[in-house]
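Colleague: After the structure tokens below, expect a handful of questions from me.
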Amino acid sequence: DTAVSQTPKYLVTQMGNDKSIKCEQNLGHDTMYWYKQDSKKFLKIMFSYNNKELIINETVPNRFSPKSPDKAHLNLHINSLELGDSAVYFCASSQGLGGNEQFFGPGTRLTVL
Amino acid sequence: EDKVVQSPLSLVVHEGDTVTLNCSYEVTNFRSLLWYKQEKKAPTFLFMLTSSGIEKKSGRLSSILDKKELFSILNITATQTGDSAVYLCAPRGNYGGSQGNLIFGKGTKLSVKP
């Protein structure tokens, strides 16, 4: 099926650990995104990648680093996890950055203990 | 600063009722506004609006944009229990930089009772 997929779906880890979340899209899109949805259900952009270049970084802590090995993948690496990082992280993709529909992955629920 | 306000924050109705969800926004160099439906997991796309006064329609759902008054509404007629979800409004600014991103509102949680 054509889609945006993320792994893992659930991630439980201790404070201070380093973890990665993977995202893949097979829609042929050229732009991918990471969003964070906190406990209040507020969905907020973290990063956008267009043609393998980071073009928007919404002042997230530098413990978060997106890595894009190719146009179909945008992974999120998080260092030194903190309690406040607990949230659902959504990956999304679109064709072009301006004004187009974004397709979302199923989300990864991260719990930091 | 860009801002999106959705109202009401939550709404409980019975099957068959008609609901109107509101979204007001302040976005620099507005370009478009998207509506998403979020059930248990990922948001799914409903509509993209770019022009004022032109109603977009899909089955029982419809939406319209007013670029002068900076708001959009989403209507759902003859609601069904499957319409229960959080409805997210997301305006977008001009291409490039932070203005190219979708800015999501907090959503309206709709619960439809049988």
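Naming works like this for the structure tokens: A, B, ... for the chains as they're shown, residue 1 at the start of each chain, ligands 1 onward in shown order.
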Considering only C-alpha atoms, extract the chain A residues located within 10 Å of chain B and return them as an mmCIF file with N, CA and C atoms, in the first residue's frame.

Modeller:
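Writing done, so here's out_5.cif:
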```
data_model
loop_
_atom_site.group_PDB
_atom_site.id
_atom_site.type_symbol
_atom_site.label_atom_id
_atom_site.label_comp_id
_atom_site.auth_asym_id
_atom_site.auth_seq_id
_atom_site.Cartn_x
_atom_site.Cartn_y
_atom_site.Cartn_z
ATOM 1 N N TYR A 33 8.188 15.738 6.892
ATOM 2 C CA TYR A 33 8.040 16.566 8.085
ATOM 3 C C TYR A 33 8.039 15.676 9.332
ATOM 4 N N LYS A 40 -1.674 17.634 25.435
ATOM 5 C CA LYS A 40 -2.847 18.473 25.209
ATOM 6 C C LYS A 40 -3.329 18.368 23.772
ATOM 7 N N LYS A 41 -2.767 17.452 23.017
ATOM 8 C CA LYS A 41 -3.171 17.166 21.641
ATOM 9 C C LYS A 41 -2.832 18.278 20.662
ATOM 10 N N PHE A 42 -1.888 19.132 21.065
ATOM 11 C CA PHE A 42 -1.508 20.224 20.187
ATOM 12 C C PHE A 42 -0.443 19.733 19.217
ATOM 13 N N LEU A 43 -0.745 19.790 17.914
ATOM 14 C CA LEU A 43 0.151 19.276 16.882
ATOM 15 C C LEU A 43 1.047 20.406 16.391
ATOM 16 N N LYS A 44 2.359 20.217 16.538
ATOM 17 C CA LYS A 44 3.274 21.299 16.209
ATOM 18 C C LYS A 44 4.421 20.800 15.338
ATOM 19 N N ILE A 45 4.733 21.579 14.297
ATOM 20 C CA ILE A 45 5.806 21.222 13.378
ATOM 21 C C ILE A 45 7.149 21.259 14.101
ATOM 22 N N MET A 46 7.999 20.295 13.803
ATOM 23 C CA MET A 46 9.364 20.297 14.320
ATOM 24 C C MET A 46 10.358 20.562 13.191
ATOM 25 N N PHE A 47 10.268 19.767 12.141
ATOM 26 C CA PHE A 47 11.214 19.887 11.028
ATOM 27 C C PHE A 47 10.500 19.658 9.708
ATOM 28 N N SER A 48 11.087 20.231 8.658
ATOM 29 C CA SER A 48 10.686 19.918 7.301
ATOM 30 C C SER A 48 11.949 19.622 6.498
ATOM 31 N N ILE A 55 15.020 22.592 5.639
ATOM 32 C CA ILE A 55 14.676 23.958 5.258
ATOM 33 C C ILE A 55 13.963 24.726 6.355
ATOM 34 N N ILE A 56 13.392 23.992 7.318
ATOM 35 C CA ILE A 56 12.734 24.682 8.427
ATOM 36 C C ILE A 56 13.078 23.953 9.715
ATOM 37 N N ASN A 57 13.498 24.697 10.719
ATOM 38 C CA ASN A 57 13.754 24.112 12.015
ATOM 39 C C ASN A 57 13.065 24.984 13.047
ATOM 40 N N GLU A 58 12.007 24.475 13.657
ATOM 41 C CA GLU A 58 11.183 25.303 14.524
ATOM 42 C C GLU A 58 11.722 25.377 15.948
ATOM 43 N N VAL A 88 3.391 12.061 21.178
ATOM 44 C CA VAL A 88 3.258 11.279 19.954
ATOM 45 C C VAL A 88 3.941 12.057 18.836
ATOM 46 N N TYR A 89 4.810 11.390 18.118
ATOM 47 C CA TYR A 89 5.553 12.022 17.027
ATOM 48 C C TYR A 89 5.002 11.499 15.702
ATOM 49 N N PHE A 90 4.607 12.449 14.863
ATOM 50 C CA PHE A 90 4.057 12.098 13.556
ATOM 51 C C PHE A 90 5.020 12.521 12.454
ATOM 52 N N CYS A 91 5.204 11.621 11.520
ATOM 53 C CA CYS A 91 5.909 11.934 10.296
ATOM 54 C C CYS A 91 4.863 12.229 9.227
ATOM 55 N N ALA A 92 5.175 13.100 8.296
ATOM 56 C CA ALA A 92 4.259 13.411 7.200
ATOM 57 C C ALA A 92 5.065 13.687 5.942
ATOM 58 N N GLY A 96 5.974 18.975 -2.674
ATOM 59 C CA GLY A 96 6.187 20.407 -2.590
ATOM 60 C C GLY A 96 5.867 20.924 -1.203
ATOM 61 N N LEU A 97 6.430 22.073 -0.890
ATOM 62 C CA LEU A 97 6.239 22.649 0.446
ATOM 63 C C LEU A 97 5.017 23.554 0.492
ATOM 64 N N GLY A 98 4.713 24.227 -0.578
ATOM 65 C CA GLY A 98 3.678 25.234 -0.511
ATOM 66 C C GLY A 98 2.280 24.755 -0.850
ATOM 67 N N GLY A 99 1.386 24.815 0.098
ATOM 68 C CA GLY A 99 -0.038 24.691 -0.165
ATOM 69 C C GLY A 99 -0.556 23.326 -0.521
ATOM 70 N N ASN A 100 0.205 22.289 -0.299
ATOM 71 C CA ASN A 100 -0.273 20.956 -0.680
ATOM 72 C C ASN A 100 -0.644 20.099 0.519
ATOM 73 N N GLU A 101 -1.520 19.136 0.276
ATOM 74 C CA GLU A 101 -1.953 18.211 1.314
ATOM 75 C C GLU A 101 -0.769 17.438 1.857
ATOM 76 N N GLN A 102 -0.742 17.270 3.165
ATOM 77 C CA GLN A 102 0.273 16.444 3.803
ATOM 78 C C GLN A 102 -0.348 15.123 4.231
ATOM 79 N N PHE A 103 0.363 14.040 3.966
ATOM 80 C CA PHE A 103 -0.083 12.711 4.355
ATOM 81 C C PHE A 103 0.686 12.317 5.611
ATOM 82 N N PHE A 104 -0.056 11.892 6.628
ATOM 83 C CA PHE A 104 0.568 11.594 7.920
ATOM 84 C C PHE A 104 0.787 10.107 8.126
ATOM 85 N N GLY A 105 1.865 9.792 8.823
ATOM 86 C CA GLY A 105 2.090 8.435 9.287
ATOM 87 C C GLY A 105 1.240 8.152 10.509
ATOM 88 N N PRO A 106 1.268 6.914 11.006
ATOM 89 C CA PRO A 106 0.393 6.512 12.118
ATOM 90 C C PRO A 106 0.839 7.034 13.473
ATOM 91 N N GLY A 107 2.032 7.593 13.549
ATOM 92 C CA GLY A 107 2.502 8.150 14.817
ATOM 93 C C GLY A 107 3.326 7.169 15.626
ATOM 94 N N THR A 108 4.220 7.703 16.431
ATOM 95 C CA THR A 108 5.018 6.924 17.381
ATOM 96 C C THR A 108 4.801 7.527 18.762
#
```

Colleague: Run DSSP on the backbone of this structure and report the residues of chain B it assigns to helix (DSSP H, G or I), as a VMD selection string.

Modeller: chain B and resid 81 to 83 97 to 100

Colleague: Show me, as an MDAnalysis selection string, the residues that have an atom within 10 Å of Thr20 in chain B when counting only C-alpha atoms, minus same-chain residues fewer than 6 positions from it.

Modeller: chainID B and resid 7:8 11 61:63 73:77

Colleague: Can those selected residues be exported to a file as an mmCIF file, in the first residue's frame so that it contains all heavy atoms?

Modeller:
```cif
data_model
loop_
_atom_site.group_PDB
_atom_site.id
_atom_site.type_symbol
_atom_site.label_atom_id
_atom_site.label_comp_id
_atom_site.auth_asym_id
_atom_site.auth_seq_id
_atom_site.Cartn_x
_atom_site.Cartn_y
_atom_site.Cartn_z
ATOM 1 N N SER B 7 -13.090 26.757 17.590
ATOM 2 C CA SER B 7 -14.175 26.708 18.567
ATOM 3 C C SER B 7 -15.357 25.931 18.004
ATOM 4 O O SER B 7 -15.554 25.915 16.787
ATOM 5 C CB SER B 7 -14.611 28.128 18.947
ATOM 6 O OG SER B 7 -15.142 28.793 17.814
ATOM 7 N N PRO B 8 -16.122 25.258 18.862
ATOM 8 C CA PRO B 8 -15.805 25.059 20.269
ATOM 9 C C PRO B 8 -14.647 24.073 20.425
ATOM 10 O O PRO B 8 -14.260 23.418 19.463
ATOM 11 C CB PRO B 8 -17.106 24.485 20.816
ATOM 12 C CG PRO B 8 -17.684 23.739 19.662
ATOM 13 C CD PRO B 8 -17.324 24.532 18.439
ATOM 14 N N LEU B 11 -17.556 19.246 21.587
ATOM 15 C CA LEU B 11 -18.960 19.313 21.204
ATOM 16 C C LEU B 11 -19.538 17.905 21.276
ATOM 17 O O LEU B 11 -18.937 16.963 20.751
ATOM 18 C CB LEU B 11 -19.026 19.850 19.770
ATOM 19 C CG LEU B 11 -20.344 20.238 19.138
ATOM 20 C CD1 LEU B 11 -21.062 21.268 19.980
ATOM 21 C CD2 LEU B 11 -20.076 20.781 17.740
ATOM 22 N N LEU B 61 -19.946 16.509 4.483
ATOM 23 C CA LEU B 61 -19.042 17.540 4.981
ATOM 24 C C LEU B 61 -18.891 18.647 3.958
ATOM 25 O O LEU B 61 -18.843 18.394 2.750
ATOM 26 C CB LEU B 61 -17.652 16.952 5.268
ATOM 27 C CG LEU B 61 -17.435 16.251 6.607
ATOM 28 C CD1 LEU B 61 -18.239 14.979 6.715
ATOM 29 C CD2 LEU B 61 -15.965 15.975 6.832
ATOM 30 N N SER B 62 -18.816 19.857 4.447
ATOM 31 C CA SER B 62 -18.554 20.990 3.570
ATOM 32 C C SER B 62 -17.772 22.031 4.345
ATOM 33 O O SER B 62 -17.825 22.083 5.582
ATOM 34 C CB SER B 62 -19.860 21.586 3.033
ATOM 35 O OG SER B 62 -20.637 22.103 4.103
ATOM 36 N N SER B 63 -17.060 22.868 3.609
ATOM 37 C CA SER B 63 -16.234 23.875 4.264
ATOM 38 C C SER B 63 -16.146 25.103 3.382
ATOM 39 O O SER B 63 -16.220 25.016 2.156
ATOM 40 C CB SER B 63 -14.837 23.319 4.530
ATOM 41 O OG SER B 63 -14.058 24.256 5.241
ATOM 42 N N ILE B 73 -15.194 27.705 8.256
ATOM 43 C CA ILE B 73 -16.083 26.814 8.987
ATOM 44 C C ILE B 73 -16.142 25.466 8.291
ATOM 45 O O ILE B 73 -15.952 25.360 7.073
ATOM 46 C CB ILE B 73 -17.507 27.399 9.134
ATOM 47 C CG1 ILE B 73 -18.150 27.634 7.772
ATOM 48 C CG2 ILE B 73 -17.503 28.656 9.969
ATOM 49 C CD1 ILE B 73 -19.614 28.022 7.858
ATOM 50 N N LEU B 74 -16.362 24.460 9.119
ATOM 51 C CA LEU B 74 -16.549 23.100 8.632
ATOM 52 C C LEU B 74 -17.933 22.659 9.094
ATOM 53 O O LEU B 74 -18.219 22.694 10.291
ATOM 54 C CB LEU B 74 -15.481 22.176 9.192
ATOM 55 C CG LEU B 74 -15.614 20.688 8.856
ATOM 56 C CD1 LEU B 74 -15.367 20.441 7.375
ATOM 57 C CD2 LEU B 74 -14.619 19.863 9.685
ATOM 58 N N ASN B 75 -18.780 22.296 8.156
ATOM 59 C CA ASN B 75 -20.122 21.822 8.472
ATOM 60 C C ASN B 75 -20.215 20.322 8.269
ATOM 61 O O ASN B 75 -19.687 19.779 7.293
ATOM 62 C CB ASN B 75 -21.158 22.490 7.550
ATOM 63 C CG ASN B 75 -21.487 23.885 7.993
ATOM 64 O OD1 ASN B 75 -21.650 24.160 9.171
ATOM 65 N ND2 ASN B 75 -21.597 24.790 7.038
ATOM 66 N N ILE B 76 -20.909 19.683 9.179
ATOM 67 C CA ILE B 76 -21.210 18.264 9.029
ATOM 68 C C ILE B 76 -22.715 18.100 9.230
ATOM 69 O O ILE B 76 -23.244 18.448 10.297
ATOM 70 C CB ILE B 76 -20.459 17.376 10.046
ATOM 71 C CG1 ILE B 76 -18.965 17.692 10.039
ATOM 72 C CG2 ILE B 76 -20.688 15.896 9.721
ATOM 73 C CD1 ILE B 76 -18.172 16.945 11.114
ATOM 74 N N THR B 77 -23.391 17.618 8.217
ATOM 75 C CA THR B 77 -24.840 17.412 8.319
ATOM 76 C C THR B 77 -25.121 15.935 8.608
ATOM 77 O O THR B 77 -24.300 15.062 8.320
ATOM 78 C CB THR B 77 -25.550 17.811 7.013
ATOM 79 O OG1 THR B 77 -25.007 17.025 5.941
ATOM 80 C CG2 THR B 77 -25.352 19.281 6.696
#
```

Colleague: Can you work out the spacing between CA of Pro114 in chain B and CA of Gly16 in chain B in Å, to one decimal?

Modeller: 8.9 Å

Colleague: Take CA of Ser51 in chain B and CA of Leu21 in chain B and report the distance between them in Å, one decimal.

Modeller: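 So the answer is 18.6 Å.
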
Colleague: Set the distance at 8 Å and use only C-alpha atoms: which residues neighbour Ala78 in chain B once local chain neighbours fewer than 3 positions away are removed? I'd like the list as a PyMOL selection string.

Modeller: chain B and resi 15-18+60

Colleague: For the selection you just gave me, I'd like the residues written to a file as a compact mmCIF listing (two decimals), in the first residue's frame, keeping N, CA and C atoms.

Modeller:
```txt
# COMPACT_ATOMS: atom_id res chain seq x y z
N GLU B 15 -26.74 11.63 16.88
CA GLU B 15 -26.79 11.26 15.47
C GLU B 15 -27.92 12.01 14.77
N GLY B 16 -27.61 12.48 13.58
CA GLY B 16 -28.60 13.21 12.81
C GLY B 16 -28.50 14.71 12.96
N ASP B 17 -27.82 15.17 14.00
CA ASP B 17 -27.67 16.61 14.18
C ASP B 17 -26.71 17.18 13.14
N THR B 18 -26.81 18.49 12.94
CA THR B 18 -25.87 19.21 12.09
C THR B 18 -24.95 20.04 12.97
N ARG B 60 -21.33 14.51 3.34
CA ARG B 60 -22.05 15.31 4.34
C ARG B 60 -21.19 16.43 4.90
```

Colleague: Fewer than 3 positions away in the same chain doesn't count, so skip those; otherwise give me all residues within 10 Å of Ile21 in chain A, counting only C-alpha atoms, as a ChimeraX atom specification.

Modeller: /A:6-11,66,74-78,89-91,107-108,110

Colleague: Show me, as a list in words, the residues that have an atom within 9 Å of Tyr25 in chain B when counting only C-alpha atoms, minus same-chain residues fewer than 5 positions from it.

Modeller: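 The residues satisfying every condition are Asp2, Lys3, Val4, Val5, Gln6, Leu70, Phe71, Ser72, Ala90, Pro91 and Gly105 of chain B.
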
Colleague: Of the candidates B:Cys23, B:Asp66, B:Thr79, B:Ser58, which shows the shortest atom-to-atom distance to Thr108 in chain B, using only C-alpha atoms?

Modeller: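 Of B:Cys23, B:Asp66, B:Thr79, B:Ser58, the one nearest Thr108 in chain B is B:Cys23, counting only C-alpha atoms.
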
Colleague: Taking the DSSP secondary structure from the backbone, can you list the residues of range 20-75 of chain A that are strand (DSSP E), as a PyMOL selection string?

Modeller: chain A and resi 20-25+31-37+43-50+53-57+64-70+73-75

Colleague: Counting only C-alpha atoms, figure out which residue out of A:Gln95, A:Asn79, A:Asn51, A:Gln14 gets nearest to His29 in chain A.

Modeller: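 Once distances to His29 in chain A are computed over only C-alpha atoms, the minimum belongs to A:Gln95.
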
Colleague: Rounded to one decimal, what separation in Å do you get between CA of Ser68 in chain A and CA of Gln38 in chain B?

Modeller: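 Answer for the CA of Ser68 in chain A to CA of Gln38 in chain B separation: 26.6 Å.
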
Colleague: Might you pull out every residue within 9 Å of Leu27 in chain A, with only C-alpha atoms counted and same-chain residues fewer than 5 positions away left off, and present them as a list of chain:residue names?

Modeller: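 Here the answer would be A:Thr2, A:Ala3, A:Val4, A:Ala72, A:Ser93, A:Ser94, A:Gln95.
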
Colleague: How would the residues just chosen look if you wrote them out with N, CA, C and O atoms as a compact mmCIF listing (two decimals), in the first residue's frame?

Modeller:
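The resulting selection-v3.txt:
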```
# COMPACT_ATOMS: atom_id res chain seq x y z
N THR A 2 0.43 2.26 -0.74
CA THR A 2 1.14 3.52 -0.70
C THR A 2 0.81 4.23 0.60
O THR A 2 -0.34 4.32 1.00
N ALA A 3 1.82 4.71 1.29
CA ALA A 3 1.55 5.27 2.61
C ALA A 3 2.81 5.88 3.20
O ALA A 3 3.89 5.84 2.62
N VAL A 4 2.59 6.47 4.37
CA VAL A 4 3.69 6.94 5.21
C VAL A 4 3.73 5.99 6.40
O VAL A 4 2.72 5.81 7.08
N ALA A 72 12.99 9.30 0.39
CA ALA A 72 11.85 8.55 0.90
C ALA A 72 11.90 8.34 2.41
O ALA A 72 10.96 7.80 2.98
N SER A 93 4.39 13.61 4.81
CA SER A 93 5.05 13.95 3.56
C SER A 93 4.09 14.69 2.64
O SER A 93 2.87 14.61 2.80
N SER A 94 4.65 15.42 1.70
CA SER A 94 3.84 16.12 0.70
C SER A 94 4.67 16.31 -0.56
O SER A 94 5.90 16.18 -0.53
N GLN A 95 3.98 16.63 -1.63
CA GLN A 95 4.69 16.97 -2.86
C GLN A 95 4.81 18.48 -2.89
O GLN A 95 3.84 19.18 -3.12
```
